[in-house]
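Data block below; observations after.
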Amino acid sequence: SDHGGLREIVVTGGHEPQTGDLVAPGDAAALSRALCRYCIDRDLVATHGRAGRARFEAVFTQGAADRRLIATLAAFSGRIVEQGATPGP
């Protein structure tokens, strides 16, 4: 359901490949429709599964976190040098 951190994990449209469906909390009919859709459309299950795996590897792995940290530190370091500060040892 569309609650808490699931909005960050499940992509439901936009510029990224869709990884699943979100339904309003407590909306049993919407949840039933979403689940039935997956029961009927096995290609959709596979497509969402592949997109979900790719998103996981790109965003939520340790390597992805390390790359974001390194990029942030590099950008910060560049600003320090640009401002004339001397980086520490």
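Residues in the structure tokens are numbered from 1 in each chain, the chains being A, B, ... in the order shown, and ligands are numbered from 1 in the order shown.
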
(request) Please identify which residues in chain A DSSP calls helix (DSSP H, G or I) from the backbone, and express them as a ChimeraX atom specification. (result) /A:6-9,28-40,42-60,62-82

Residues of the last selection are to be written out with C-alpha atoms, as a PDB file, in the first residue's frame.
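So result_1.pdb came out as:
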```pdb
ATOM      1  CA  LEU A   6       7.201   2.196   0.010  1.00  0.00           C
ATOM      2  CA  ARG A   7       6.813   5.418  -2.008  1.00  0.00           C
ATOM      3  CA  GLU A   8      10.608   5.557  -2.251  1.00  0.00           C
ATOM      4  CA  ILE A   9      10.936   1.901  -3.166  1.00  0.00           C
ATOM      5  CA  ALA A  28      -9.167  -3.487  -0.051  1.00  0.00           C
ATOM      6  CA  ALA A  29     -10.858  -3.224  -3.447  1.00  0.00           C
ATOM      7  CA  ALA A  30      -7.843  -1.456  -4.995  1.00  0.00           C
ATOM      8  CA  LEU A  31      -5.478  -4.012  -3.459  1.00  0.00           C
ATOM      9  CA  SER A  32      -7.612  -6.826  -4.833  1.00  0.00           C
ATOM     10  CA  ARG A  33      -7.569  -5.273  -8.328  1.00  0.00           C
ATOM     11  CA  ALA A  34      -3.791  -4.828  -8.213  1.00  0.00           C
ATOM     12  CA  LEU A  35      -3.229  -8.417  -7.100  1.00  0.00           C
ATOM     13  CA  CYS A  36      -5.651  -9.791  -9.692  1.00  0.00           C
ATOM     14  CA  ARG A  37      -3.822  -7.847 -12.371  1.00  0.00           C
ATOM     15  CA  TYR A  38      -0.599  -9.642 -11.425  1.00  0.00           C
ATOM     16  CA  CYS A  39      -2.354 -13.020 -11.346  1.00  0.00           C
ATOM     17  CA  ILE A  40      -3.617 -12.480 -14.890  1.00  0.00           C
ATOM     18  CA  ARG A  42       2.530 -12.792 -16.017  1.00  0.00           C
ATOM     19  CA  ASP A  43       4.454 -10.517 -18.404  1.00  0.00           C
ATOM     20  CA  LEU A  44       3.691  -7.567 -16.127  1.00  0.00           C
ATOM     21  CA  VAL A  45       5.036  -9.531 -13.170  1.00  0.00           C
ATOM     22  CA  ALA A  46       8.269 -10.219 -15.067  1.00  0.00           C
ATOM     23  CA  THR A  47       8.580  -6.621 -16.290  1.00  0.00           C
ATOM     24  CA  HIS A  48       8.017  -5.146 -12.822  1.00  0.00           C
ATOM     25  CA  GLY A  49      10.351  -7.736 -11.330  1.00  0.00           C
ATOM     26  CA  ARG A  50      13.192  -6.858 -13.700  1.00  0.00           C
ATOM     27  CA  ALA A  51      12.658  -3.133 -13.199  1.00  0.00           C
ATOM     28  CA  GLY A  52      12.523  -3.604  -9.426  1.00  0.00           C
ATOM     29  CA  ARG A  53      15.775  -5.557  -9.419  1.00  0.00           C
ATOM     30  CA  ALA A  54      17.486  -2.920 -11.563  1.00  0.00           C
ATOM     31  CA  ARG A  55      16.226  -0.152  -9.249  1.00  0.00           C
ATOM     32  CA  PHE A  56      17.432  -2.059  -6.193  1.00  0.00           C
ATOM     33  CA  GLU A  57      20.910  -2.462  -7.657  1.00  0.00           C
ATOM     34  CA  ALA A  58      21.061   1.184  -8.783  1.00  0.00           C
ATOM     35  CA  VAL A  59      19.722   2.777  -5.598  1.00  0.00           C
ATOM     36  CA  PHE A  60      19.715   0.535  -2.558  1.00  0.00           C
ATOM     37  CA  GLN A  62      26.073  -0.659  -0.636  1.00  0.00           C
ATOM     38  CA  GLY A  63      27.868   0.060  -3.909  1.00  0.00           C
ATOM     39  CA  ALA A  64      25.191   2.571  -4.911  1.00  0.00           C
ATOM     40  CA  ALA A  65      25.422   4.270  -1.520  1.00  0.00           C
ATOM     41  CA  ASP A  66      29.224   4.368  -1.814  1.00  0.00           C
ATOM     42  CA  ARG A  67      29.016   5.971  -5.283  1.00  0.00           C
ATOM     43  CA  ARG A  68      26.633   8.668  -4.000  1.00  0.00           C
ATOM     44  CA  LEU A  69      28.904   9.351  -1.016  1.00  0.00           C
ATOM     45  CA  ILE A  70      32.009   9.581  -3.205  1.00  0.00           C
ATOM     46  CA  ALA A  71      30.234  11.944  -5.623  1.00  0.00           C
ATOM     47  CA  THR A  72      29.072  14.124  -2.730  1.00  0.00           C
ATOM     48  CA  LEU A  73      32.538  14.228  -1.174  1.00  0.00           C
ATOM     49  CA  ALA A  74      34.140  14.990  -4.536  1.00  0.00           C
ATOM     50  CA  ALA A  75      31.709  17.848  -5.135  1.00  0.00           C
ATOM     51  CA  PHE A  76      32.315  19.196  -1.628  1.00  0.00           C
ATOM     52  CA  SER A  77      36.070  18.850  -2.023  1.00  0.00           C
ATOM     53  CA  GLY A  78      35.944  20.733  -5.316  1.00  0.00           C
ATOM     54  CA  ARG A  79      34.079  23.605  -3.680  1.00  0.00           C
ATOM     55  CA  ILE A  80      36.675  23.835  -0.919  1.00  0.00           C
ATOM     56  CA  VAL A  81      39.501  24.057  -3.467  1.00  0.00           C
ATOM     57  CA  GLU A  82      37.563  26.580  -5.578  1.00  0.00           C
TER      58      GLU A  82
END
```

(request) Would you mind reading off the distance between atom CA of Asp41 of chain A and atom CA of Gly5 of chain A, one decimal, in Å? (result) 26.2 Å

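The coordinates place atom CA of Gln18 of chain A at 17.3 Å from atom CA of His3 of chain A.
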
(request) Would you list the contacts of Asp2 of chain A as an MDAnalysis selection string, taking every protein, DNA or RNA residue within 9 Å and counting only C-alpha atoms, but skipping same-chain residues closer than 4 positions in sequence? (result) chainID A and resid 6:7 21:25

(message) Report as a PyMOL selection string all protein, DNA and RNA residues lying within 7 Å of Gly20 of chain A, evaluated on only C-alpha atoms, omitting residues in the same chain fewer than 3 positions from it.
(response) chain A and resi 10-12+48

Keeping only all heavy atoms, write the selected residues to a file as a compact mmCIF listing (two decimals), in the first residue's frame.
```
# COMPACT_ATOMS: atom_id res chain seq x y z
N VAL A 10 8.89 1.72 -4.47
CA VAL A 10 8.07 1.33 -5.61
C VAL A 10 7.86 2.53 -6.54
O VAL A 10 7.38 3.57 -6.12
CB VAL A 10 6.70 0.78 -5.14
CG1 VAL A 10 5.83 0.43 -6.34
CG2 VAL A 10 6.89 -0.43 -4.24
N VAL A 11 8.25 2.37 -7.80
CA VAL A 11 8.06 3.41 -8.81
C VAL A 11 6.78 3.07 -9.57
O VAL A 11 6.64 1.98 -10.11
CB VAL A 11 9.25 3.46 -9.78
CG1 VAL A 11 9.01 4.48 -10.88
CG2 VAL A 11 10.53 3.77 -9.02
N THR A 12 5.85 4.02 -9.61
CA THR A 12 4.55 3.76 -10.24
C THR A 12 4.37 4.50 -11.56
O THR A 12 3.29 4.48 -12.12
CB THR A 12 3.40 4.14 -9.29
OG1 THR A 12 3.51 5.52 -8.96
CG2 THR A 12 3.44 3.30 -8.03
N HIS A 48 7.85 -5.85 -14.10
CA HIS A 48 8.02 -5.15 -12.82
C HIS A 48 9.15 -5.76 -12.00
O HIS A 48 9.89 -5.05 -11.34
CB HIS A 48 6.72 -5.15 -12.04
CG HIS A 48 5.71 -4.17 -12.53
ND1 HIS A 48 4.51 -4.00 -11.91
CD2 HIS A 48 5.73 -3.32 -13.58
CE1 HIS A 48 3.81 -3.07 -12.56
NE2 HIS A 48 4.53 -2.66 -13.58
```
